[in-house]
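Source file: target.cif (mmCIF, C-alpha atoms)
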data_model
loop_
_atom_site.label_atom_id
_atom_site.label_comp_id
_atom_site.auth_asym_id
_atom_site.auth_seq_id
_atom_site.Cartn_x
_atom_site.Cartn_y
_atom_site.Cartn_z
CA MET A 1 -40.36 -45.70 43.39
CA GLU A 2 -40.01 -41.92 43.34
CA LYS A 3 -36.24 -42.29 43.35
CA VAL A 4 -36.48 -44.46 40.24
CA PHE A 5 -38.54 -41.80 38.39
CA VAL A 6 -36.16 -39.04 39.46
CA PHE A 7 -33.21 -41.09 38.29
CA LEU A 8 -34.85 -41.77 34.90
CA PHE A 9 -35.74 -38.08 34.48
CA ILE A 10 -32.18 -36.99 35.19
CA LEU A 11 -30.84 -39.63 32.82
CA ILE A 12 -33.18 -38.58 29.94
CA PHE A 13 -32.43 -34.88 30.52
CA SER A 14 -28.68 -35.49 30.49
CA PHE A 15 -28.94 -37.55 27.31
CA SER A 16 -30.94 -34.85 25.54
CA CYS A 17 -28.35 -32.24 26.46
CA LEU A 18 -25.64 -34.37 24.87
CA LEU A 19 -27.48 -34.56 21.55
CA PRO A 20 -26.17 -32.32 18.70
CA SER A 21 -28.19 -29.22 18.03
CA HIS A 22 -29.04 -30.29 14.46
CA VAL A 23 -30.62 -33.46 15.87
CA SER A 24 -32.59 -31.82 18.64
CA ALA A 25 -33.82 -28.90 16.46
CA ALA A 26 -35.41 -29.80 13.17
CA LYS A 27 -34.64 -27.70 10.10
CA PRO A 28 -37.47 -25.42 8.95
CA SER A 29 -39.38 -26.66 5.93
CA LEU A 30 -39.16 -24.97 2.54
CA GLU A 31 -42.70 -23.63 2.92
CA THR A 32 -41.78 -22.10 6.27
CA LYS A 33 -38.75 -20.37 4.79
CA ILE A 34 -40.82 -18.98 1.88
CA HIS A 35 -43.44 -17.67 4.29
CA LYS A 36 -40.82 -15.94 6.46
CA LEU A 37 -39.09 -14.48 3.41
CA ASN A 38 -42.34 -13.09 1.99
CA GLU A 39 -43.33 -11.55 5.31
CA ALA A 40 -39.93 -9.89 5.82
CA THR A 41 -39.87 -8.65 2.20
CA ARG A 42 -43.25 -6.92 2.50
CA LYS A 43 -42.35 -5.28 5.81
CA ASN A 44 -39.11 -3.62 4.64
CA GLN A 45 -39.68 -2.61 0.98
CA GLY A 46 -38.07 -5.68 -0.51
CA VAL A 47 -35.03 -6.00 1.78
CA ILE A 48 -34.73 -8.66 4.51
CA GLU A 49 -32.68 -7.70 7.54
CA LEU A 50 -30.63 -10.76 8.52
CA ASP A 51 -28.65 -12.05 11.45
CA SER A 52 -26.33 -15.06 11.59
CA SER A 53 -29.08 -17.61 12.20
CA LEU A 54 -31.37 -16.22 9.46
CA TYR A 55 -28.44 -16.17 7.05
CA ASP A 56 -27.78 -19.86 7.66
CA GLU A 57 -31.49 -20.65 7.46
CA PHE A 58 -32.25 -18.85 4.19
CA THR A 59 -29.06 -19.97 2.39
CA SER A 60 -29.40 -23.60 3.43
CA LYS A 61 -30.52 -26.19 0.90
CA PRO A 62 -33.02 -26.92 -0.49
CA ARG A 63 -33.90 -23.57 -2.09
CA ASN A 64 -36.52 -23.06 -4.78
CA TYR A 65 -35.74 -19.34 -4.81
CA SER A 66 -32.81 -17.06 -5.52
CA ILE A 67 -31.47 -14.72 -2.90
CA ALA A 68 -28.91 -11.90 -3.16
CA ILE A 69 -27.30 -11.19 0.20
CA LEU A 70 -25.27 -8.06 0.91
CA LEU A 71 -22.74 -8.37 3.72
CA THR A 72 -22.05 -4.83 4.82
CA ALA A 73 -20.84 -2.71 7.74
CA LEU A 74 -22.90 0.44 8.28
CA ASP A 75 -21.85 1.10 11.86
CA PRO A 76 -20.56 4.73 12.10
CA GLN A 77 -17.62 3.52 14.17
CA ILE A 78 -16.43 1.33 11.28
CA ASN A 79 -16.92 4.17 8.78
CA CYS A 80 -17.13 1.99 5.67
CA VAL A 81 -17.59 4.54 2.87
CA PRO A 82 -18.18 1.97 0.08
CA CYS A 83 -20.84 0.32 2.25
CA LYS A 84 -22.68 3.62 2.60
CA GLU A 85 -22.43 4.24 -1.15
CA PHE A 86 -23.72 0.83 -2.18
CA ASP A 87 -26.49 0.38 0.39
CA PRO A 88 -29.03 2.77 -1.25
CA GLU A 89 -28.26 1.31 -4.69
CA PHE A 90 -28.88 -2.23 -3.42
CA ARG A 91 -32.16 -1.16 -1.78
CA LEU A 92 -33.26 0.61 -4.96
CA VAL A 93 -32.89 -2.61 -6.98
CA ALA A 94 -34.76 -4.58 -4.27
CA LYS A 95 -37.61 -2.05 -4.17
CA ASP A 96 -37.97 -1.92 -7.96
CA TRP A 97 -37.96 -5.73 -8.17
CA LEU A 98 -40.73 -5.92 -5.57
CA GLY A 99 -42.89 -3.49 -7.57
CA SER A 100 -42.00 -4.81 -11.02
CA GLY A 101 -44.81 -7.35 -11.28
CA ASN A 102 -42.40 -10.31 -11.27
CA VAL A 103 -42.98 -13.18 -8.88
CA PRO A 104 -41.44 -11.96 -5.58
CA SER A 105 -40.39 -15.47 -4.57
CA ARG A 106 -38.22 -15.70 -7.66
CA LEU A 107 -35.61 -13.43 -6.07
CA TYR A 108 -35.13 -12.12 -2.54
CA PHE A 109 -32.78 -9.48 -1.22
CA GLY A 110 -31.10 -9.73 2.18
CA VAL A 111 -28.72 -7.52 4.15
CA LEU A 112 -26.41 -8.83 6.88
CA ASP A 113 -24.66 -6.10 8.85
CA PHE A 114 -21.35 -6.91 10.51
CA LYS A 115 -22.69 -6.16 13.98
CA ASN A 116 -25.44 -8.77 13.47
CA GLY A 117 -23.35 -11.39 11.70
CA ARG A 118 -19.86 -11.58 13.12
CA GLU A 119 -20.06 -15.39 13.09
CA ILE A 120 -20.83 -15.40 9.35
CA TYR A 121 -17.93 -13.04 8.62
CA ALA A 122 -15.62 -15.31 10.57
CA LYS A 123 -16.99 -18.48 8.93
CA LEU A 124 -16.56 -17.00 5.43
CA ASN A 125 -13.17 -15.54 6.36
CA LEU A 126 -14.24 -12.08 5.18
CA ASN A 127 -12.15 -9.07 6.11
CA ASN A 128 -13.64 -6.47 3.78
CA ALA A 129 -17.04 -5.01 2.98
CA PRO A 130 -19.29 -4.66 1.12
CA THR A 131 -19.53 -8.22 -0.23
CA LEU A 132 -22.48 -9.56 -2.18
CA PHE A 133 -23.36 -13.19 -2.85
CA TYR A 134 -26.01 -14.51 -5.20
CA PHE A 135 -27.46 -17.88 -4.16
CA PRO A 136 -29.24 -19.68 -7.03
CA PRO A 137 -32.14 -22.09 -6.50
CA THR A 138 -31.22 -25.73 -5.91
CA THR A 139 -34.64 -27.21 -6.66
CA GLY A 140 -37.75 -26.38 -8.60
CA GLN A 141 -38.34 -24.90 -12.06
CA TYR A 142 -35.38 -22.51 -12.01
CA ALA A 143 -32.83 -24.77 -10.36
CA LYS A 144 -29.26 -24.45 -11.64
CA GLU A 145 -26.65 -27.15 -12.14
CA ILE A 146 -24.21 -25.04 -10.13
CA SER A 147 -25.78 -24.32 -6.76
CA GLU A 148 -22.79 -22.57 -5.19
CA PRO A 149 -23.09 -18.81 -4.57
CA ASP A 150 -21.63 -16.37 -7.08
CA ARG A 151 -19.68 -13.44 -5.64
CA TYR A 152 -20.35 -10.03 -7.15
CA ASP A 153 -17.16 -8.38 -8.45
CA PHE A 154 -17.39 -4.66 -7.71
CA ASN A 155 -14.23 -3.83 -9.71
CA ARG A 156 -15.27 -5.62 -12.89
CA ARG A 157 -18.88 -4.39 -12.62
CA ARG A 158 -18.07 -0.67 -12.71
CA GLY A 159 -18.42 0.12 -9.04
CA PHE A 160 -21.48 0.59 -6.91
CA ASP A 161 -24.29 1.69 -9.25
CA ALA A 162 -27.65 -0.06 -9.24
CA GLU A 163 -27.63 -0.63 -13.00
CA SER A 164 -24.55 -2.86 -12.81
CA LEU A 165 -26.08 -4.91 -10.00
CA ALA A 166 -29.34 -5.27 -11.95
CA SER A 167 -27.37 -6.46 -14.99
CA PHE A 168 -25.57 -9.04 -12.85
CA LEU A 169 -28.85 -10.37 -11.43
CA SER A 170 -30.59 -10.32 -14.83
CA HIS A 171 -27.82 -12.52 -16.22
CA HIS A 172 -28.41 -15.11 -13.50
CA LEU A 173 -32.21 -14.98 -13.55
CA GLY A 174 -32.69 -14.88 -17.31
CA THR A 175 -35.19 -12.04 -16.90
CA GLN A 176 -34.88 -8.29 -16.69
CA VAL A 177 -34.28 -6.79 -13.25
CA PRO A 178 -35.53 -3.19 -13.52
CA VAL A 179 -33.97 -0.03 -12.13
CA ASN A 180 -36.23 3.01 -12.05
CA ARG A 181 -34.52 5.97 -10.47
CA PRO A 182 -36.75 8.75 -9.11
CA LEU A 183 -36.63 12.03 -10.99
CA ASN A 184 -33.92 14.38 -9.79
CA TYR A 185 -35.90 17.63 -9.90
CA PHE A 186 -32.99 19.69 -8.62
CA GLY A 187 -30.72 18.29 -11.34
CA ILE A 188 -33.34 19.02 -13.99
CA PHE A 189 -33.71 22.59 -12.69
CA ILE A 190 -29.94 23.14 -12.72
CA THR A 191 -29.66 21.77 -16.27
CA ILE A 192 -32.46 24.00 -17.57
CA PHE A 193 -31.03 27.02 -15.75
CA PHE A 194 -27.52 26.64 -17.16
CA THR A 195 -28.87 25.85 -20.63
CA LEU A 196 -30.92 29.08 -20.67
CA ALA A 197 -28.00 31.03 -19.22
CA GLY A 198 -25.71 29.63 -21.92
CA LEU A 199 -28.15 30.54 -24.67
CA ALA A 200 -28.49 34.07 -23.29
CA PHE A 201 -24.71 34.42 -23.13
CA LEU A 202 -24.31 33.19 -26.72
CA LYS A 203 -26.95 35.66 -27.86
CA SER A 204 -25.15 38.53 -26.15
CA ILE A 205 -21.77 37.69 -27.73
CA TYR A 206 -23.19 36.65 -31.11
CA PRO A 207 -22.13 39.91 -32.86
CA ILE A 208 -18.53 39.38 -31.68
CA VAL A 209 -18.55 35.72 -32.71
CA GLN A 210 -20.10 36.62 -36.07
CA ASN A 211 -17.33 39.13 -36.76
CA LEU A 212 -14.69 36.56 -35.84
CA ILE A 213 -16.26 33.92 -38.07
CA GLN A 214 -16.45 36.30 -41.01
CA ASN A 215 -12.97 37.74 -40.48
CA LYS A 216 -10.54 36.63 -43.17
CA SER A 217 -7.49 37.27 -41.01
CA VAL A 218 -8.76 34.90 -38.31
CA TRP A 219 -9.33 32.13 -40.84
CA THR A 220 -5.95 32.81 -42.47
CA THR A 221 -4.15 32.58 -39.14
CA PHE A 222 -6.02 29.43 -38.15
CA SER A 223 -5.31 27.80 -41.52
CA LEU A 224 -1.60 28.64 -41.41
CA ILE A 225 -1.19 27.34 -37.86
CA THR A 226 -2.96 24.10 -38.81
CA ILE A 227 -0.75 23.72 -41.90
CA PHE A 228 2.44 24.37 -39.94
CA ILE A 229 1.48 21.78 -37.31
CA MET A 230 0.69 19.15 -39.90
CA ILE A 231 3.74 19.61 -42.13
CA SER A 232 6.23 19.98 -39.27
CA GLY A 233 5.89 16.38 -38.06
CA HIS A 234 3.56 16.97 -35.12
CA MET A 235 1.34 14.00 -36.05
CA TRP A 236 4.40 11.74 -36.17
CA ASN A 237 5.25 12.86 -32.62
CA HIS A 238 1.67 12.28 -31.52
CA ILE A 239 1.68 8.72 -32.89
CA ARG A 240 5.21 7.62 -31.94
CA SER A 241 5.76 9.70 -28.77
CA PRO A 242 9.52 10.23 -29.28
CA PRO A 243 11.77 11.86 -26.62
CA TYR A 244 11.90 15.65 -26.70
CA ILE A 245 15.71 15.73 -26.90
CA ILE A 246 18.50 13.20 -26.36
CA PRO A 247 19.48 13.77 -22.70
CA GLN A 248 22.98 12.25 -22.95
CA ASN A 249 24.43 14.72 -25.45
CA GLY A 250 21.70 17.33 -25.78
CA LYS A 251 21.16 16.71 -29.49
CA ILE A 252 18.10 18.33 -31.04
CA ILE A 253 18.25 16.57 -34.42
CA ALA A 254 18.00 12.81 -34.76
CA PRO A 255 19.83 11.48 -37.83
CA GLY A 256 18.03 9.37 -40.43
CA PHE A 257 14.59 9.33 -42.00
CA SER A 258 12.92 6.96 -39.55
CA SER A 259 13.72 8.85 -36.35
CA GLN A 260 12.74 12.23 -34.99
CA LEU A 261 12.89 14.14 -31.73
CA GLY A 262 10.03 16.13 -30.29
CA ILE A 263 11.83 19.47 -30.54
CA GLU A 264 12.44 19.01 -34.29
CA SER A 265 8.81 19.57 -35.20
CA GLN A 266 8.76 22.82 -33.22
CA ILE A 267 11.94 24.10 -34.90
CA VAL A 268 10.65 23.22 -38.36
CA ALA A 269 7.27 24.82 -37.63
CA ILE A 270 8.97 28.06 -36.54
CA LEU A 271 11.13 28.12 -39.68
CA TYR A 272 8.14 27.43 -41.92
CA GLY A 273 6.24 30.19 -40.12
CA SER A 274 9.11 32.62 -40.66
CA CYS A 275 9.16 31.78 -44.38
CA ALA A 276 5.40 32.19 -44.68
CA PHE A 277 5.40 35.49 -42.77
CA SER A 278 8.19 36.85 -44.99
CA VAL A 279 6.32 35.92 -48.17
CA VAL A 280 3.01 37.38 -46.91
CA THR A 281 4.76 40.61 -45.88
CA LEU A 282 6.44 40.91 -49.31
CA ILE A 283 3.10 40.41 -51.05
CA ILE A 284 0.76 42.47 -48.86
CA SER A 285 2.64 44.96 -46.65
CA VAL A 286 5.69 46.04 -48.67
CA PRO A 287 3.73 47.17 -51.77
CA LYS A 288 1.68 49.53 -49.56
CA ILE A 289 4.79 51.50 -48.51
CA GLU A 290 4.64 54.82 -50.42
CA ASP A 291 8.26 55.81 -49.87
CA LYS A 292 10.26 54.06 -52.58
CA THR A 293 13.45 53.97 -50.51
CA LYS A 294 11.67 52.38 -47.53
CA GLN A 295 9.88 50.04 -49.88
CA ARG A 296 13.17 48.92 -51.44
CA PHE A 297 14.66 48.45 -47.98
CA GLY A 298 11.62 46.36 -47.00
CA VAL A 299 12.08 44.14 -50.03
CA TYR A 300 15.78 43.58 -49.26
CA PHE A 301 15.11 43.00 -45.56
CA TRP A 302 12.32 40.43 -45.94
CA MET A 303 14.12 38.71 -48.82
CA GLY A 304 17.15 38.42 -46.53
CA ILE A 305 14.97 36.90 -43.77
CA LEU A 306 13.51 34.46 -46.30
CA VAL A 307 16.93 33.39 -47.63
CA ALA A 308 18.40 33.06 -44.13
CA THR A 309 15.45 30.95 -43.00
CA PHE A 310 15.81 28.65 -45.99
CA SER A 311 19.53 28.33 -45.31
CA VAL A 312 18.93 27.25 -41.71
CA LEU A 313 16.17 24.88 -42.85
CA PHE A 314 18.45 23.24 -45.44
CA ALA A 315 21.23 22.94 -42.86
CA LEU A 316 18.90 21.09 -40.52
CA PHE A 317 17.73 18.79 -43.30
CA ARG A 318 21.35 18.00 -44.19
CA GLN A 319 21.89 16.84 -40.61
CA LYS A 320 19.08 14.36 -41.19
CA ASN A 321 20.64 13.26 -44.48
CA SER A 322 23.85 14.63 -45.99
CA GLY A 323 22.52 14.15 -49.55
CA TYR A 324 19.77 16.79 -49.16
CA PRO A 325 18.52 18.46 -51.37
CA PHE A 326 18.03 15.37 -53.53
CA ARG A 327 18.35 15.39 -57.27
CA LEU A 328 15.25 14.25 -59.08
CA PHE A 329 16.98 13.74 -62.43
CA ILE A 330 20.50 12.58 -63.21
#

Take the structure in the file and write it out as C-alpha cells.
Amino acid sequence: MEKVFVFLFILIFSFSCLLPSHVSAAKPSLETKIHKLNEATRKNQGVIELDSSLYDEFTSKPRNYSIAILLTALDPQINCVPCKEFDPEFRLVAKDWLGSGNVPSRLYFGVLDFKNGREIYAKLNLNNAPTLFYFPPTTGQYAKEISEPDRYDFNRRRGFDAESLASFLSHHLGTQVPVNRPLNYFGIFITIFFTLAGLAFLKSIYPIVQNLIQNKSVWTTFSLITIFIMISGHMWNHIRSPPYIIPQNGKIIAPGFSSQLGIESQIVAILYGSCAFSVVTLIISVPKIEDKTKQRFGVYFWMGILVATFSVLFALFRQKNSGYPFRLFI
C-alpha cells in the first residue's frame, strides 16, 4: 500500500513540474498590483525601483493606471552620460507629481536599471539607454483605445529636461504634470553680484560714454559707415550670399544688373568713402589753412582725388553695363 502512495506522489510531483509557469502561478490581481505600486511609490519619493519580474507584472494587462518606465544604465562601468543627466530630471517629475495633490494611482513612475533587467532589454531588443515608455491604462475611467506603450523621443522633445517630459505626460493624461524646481540660491547670488558689478562699472565709465554719445564726430563717422554699407550692396550680399570672387578667372566684377560678387560691395564702399572724405576735407579742413598757397594746393589735391575716384567708379559701373552713365532724356 505504501508503494502505491509513493508512486502516486511521484507521479503528481512530476506532472506538476511539467506544467507551464503561467498555469502553476496565478497572475496577481489588479488590487494587488495597485497596493504594491502605492507602497513602492511612498517609500522612494514617487519612483518605483523595478526588476525584470516587476516590469512584467506592472506592465501586464489589465491596467487601470498609467505608468512611465525609464530603462536606464547607471552602472559606473557602463558610463552612460545621458542616463546620468536624465535620471534626476525624471525623479524630479515623479516627486512633484506625488506632491501635486493629484490621485497618485493615476500615474506611476518606474525605473529599470540594466543590471536588474537584462532580460527585458533583450526581450525589447534595446541596445541604447536611456529609453522611456509610457503605458496607458487599459481599463477603467481613463482607458485609452490604444493600449500599446508610447516611446518618448528624446531628440524631438528637446533633450533631457524635466519640463519636456512633463509636457509629454500631460499630453497623454489630459491634466497638468507639474515641475517645480528648487531655488538655485547660488545662481541667484551670482546674478545679483554680476548685475551690481555691471551697474557699478557703467557708473564709473558714464562720463566717457556720455562724451561719446554727445560727440558729433562719433555720430558722423557711425552714420557715414552705415550709409556706405547700405548703398554699396552689402544687404544684397547678405540676402543672396554670392561668391566672393569667381575662382576660375579671378574676376572681381560680375557683369549684368542681376548678379554681384562679394568683393564688389567692398570696392564700391571704399570708393564712396574716398569721395565722401575728399568732399568733407574740402569743406572743413582746407578752408582752415591760412597759407593761401597751401590752401590752393589742398584744393587741387583733394579735387584730383575726387575726380580720380569718380573715374574709377564709373569704369567699374561700365563693366557692369557698357551704357553707363545712362541718359535720362533723349

So what does the PyMOL selection byres ((chain A and resi 93) around 8) actually pick up in this one, as a tab-separated table (two decimals) with C-alpha atoms, in the frame of the given file?
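Resulting contents of selection_33.tsv:
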chain	number	residue	atom	x	y	z
A	89	GLU	CA	-28.26	1.31	-4.69
A	90	PHE	CA	-28.88	-2.23	-3.42
A	91	ARG	CA	-32.16	-1.16	-1.78
A	92	LEU	CA	-33.26	0.61	-4.96
A	94	ALA	CA	-34.76	-4.58	-4.27
A	95	LYS	CA	-37.61	-2.05	-4.17
A	96	ASP	CA	-37.97	-1.92	-7.96
A	97	TRP	CA	-37.96	-5.73	-8.17
A	162	ALA	CA	-27.65	-0.06	-9.24
A	165	LEU	CA	-26.08	-4.91	-10.00
A	166	ALA	CA	-29.34	-5.27	-11.95
A	177	VAL	CA	-34.28	-6.79	-13.25
A	178	PRO	CA	-35.53	-3.19	-13.52
A	179	VAL	CA	-33.97	-0.03	-12.13

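Taking atom CA of Ser223 of chain A and atom CA of Ala254 of chain A as the two end points, the separation is 28.5 Å.
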
Quiz prompt | Resolved residues for the PyMOL selection byres ((chain A and resi 131-145) around 7) as a PyMOL selection string | solution = chain A and resi 61-72+129-130+146-152

Exercise. Given the file shown, enumerate the residues that the PyMOL selection byres ((chain A and resi 231) around 12) captures and present them as a PyMOL selection string.
Key: chain A and resi 224-230+232-237+264-273

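Rounded to one decimal, atom CA of Tyr121 of chain A and atom CA of Ser52 of chain A lie 9.1 Å from each other.
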
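The nearest approach to Phe154 of chain A among the residues A:Phe168, A:Tyr55, A:Tyr244, A:Trp302, with only C-alpha atoms taken into account, belongs to A:Phe168.
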
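Distance-wise, atom CA of Ile78 of chain A and atom CA of Leu169 of chain A end up 28.4 Å apart.
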
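When all atoms listed in the file are used to compute distances to Ala276 of chain A, the closest of the residues A:Ala315, A:Val47, A:Ile305, A:Ile192 turns out to be A:Ile305.
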
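Counting all atoms listed in the file and comparing A:Ser204, A:Arg106, A:Gly117, A:Leu50, the residue that lies closest to Gly174 of chain A is A:Arg106.
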
Practice problem: Can you pull out every residue within 12 Å of segment 296-299 of chain A, counting only C-alpha atoms, but drop anything in the same chain fewer than 6 positions away, and send it as a PyMOL selection string? | Solution: chain A and resi 278-290+305-306

Take every atom of segment 301-318 of chain A listed in the file, fit an axis-aligned box around them, add 5 Å per side, and give the centre and edge lengths in Å to one decimal as JSON.
{"center_x": 16.8, "center_y": 30.5, "center_z": -44.7, "size_x": 19.0, "size_y": 35.0, "size_z": 18.3}

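The shortest atom-to-atom distance to Ser53 of chain A, with only C-alpha atoms taken into account, belongs to A:Ile120 out of A:Leu74, A:Ile120, A:Val307, A:Ile205.
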
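Counting all atoms listed in the file and comparing A:Met303, A:Ala197, A:Cys80, A:Ile246, the residue that lies closest to Cys275 of chain A is A:Met303.
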
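Nearest-residue note for Ser60 of chain A: choosing from A:Lys84, A:Arg318, A:Lys43, A:Lys33, the minimum distance belongs to A:Lys33, counting only C-alpha atoms.
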
When you get a chance, write out N, CA and C atoms for segment 136-150 of chain A, as a compact mmCIF listing (two decimals), keeping the file's coordinate frame.
# COMPACT_ATOMS: atom_id res chain seq x y z
N PRO A 136 -28.23 -19.21 -6.07
CA PRO A 136 -29.24 -19.68 -7.03
C PRO A 136 -30.12 -20.76 -6.41
N PRO A 137 -31.27 -21.02 -7.02
CA PRO A 137 -32.14 -22.09 -6.50
C PRO A 137 -31.50 -23.45 -6.73
N THR A 138 -31.75 -24.37 -5.80
CA THR A 138 -31.22 -25.73 -5.91
C THR A 138 -32.29 -26.73 -6.31
N THR A 139 -33.55 -26.32 -6.29
CA THR A 139 -34.64 -27.21 -6.66
C THR A 139 -35.75 -26.39 -7.29
N GLY A 140 -36.63 -27.08 -7.99
CA GLY A 140 -37.75 -26.38 -8.60
C GLY A 140 -37.49 -26.05 -10.07
N GLN A 141 -38.36 -25.22 -10.63
CA GLN A 141 -38.34 -24.90 -12.06
C GLN A 141 -37.06 -24.19 -12.49
N TYR A 142 -36.53 -23.34 -11.63
CA TYR A 142 -35.38 -22.51 -12.01
C TYR A 142 -34.08 -23.00 -11.40
N ALA A 143 -34.04 -24.23 -10.97
CA ALA A 143 -32.83 -24.77 -10.36
C ALA A 143 -31.67 -24.78 -11.35
N LYS A 144 -30.46 -24.49 -10.84
CA LYS A 144 -29.26 -24.45 -11.64
C LYS A 144 -28.39 -25.67 -11.34
N GLU A 145 -27.58 -26.04 -12.35
CA GLU A 145 -26.65 -27.15 -12.14
C GLU A 145 -25.61 -26.79 -11.08
N ILE A 146 -25.17 -25.51 -11.12
CA ILE A 146 -24.21 -25.04 -10.13
C ILE A 146 -24.99 -24.32 -9.04
N SER A 147 -25.00 -24.88 -7.85
CA SER A 147 -25.78 -24.32 -6.76
C SER A 147 -24.95 -23.48 -5.79
N GLU A 148 -23.64 -23.35 -6.07
CA GLU A 148 -22.79 -22.57 -5.19
C GLU A 148 -23.01 -21.08 -5.42
N PRO A 149 -22.85 -20.25 -4.40
CA PRO A 149 -23.09 -18.81 -4.57
C PRO A 149 -22.06 -18.16 -5.49
N ASP A 150 -22.51 -17.13 -6.19
CA ASP A 150 -21.63 -16.37 -7.08
C ASP A 150 -21.35 -15.03 -6.41
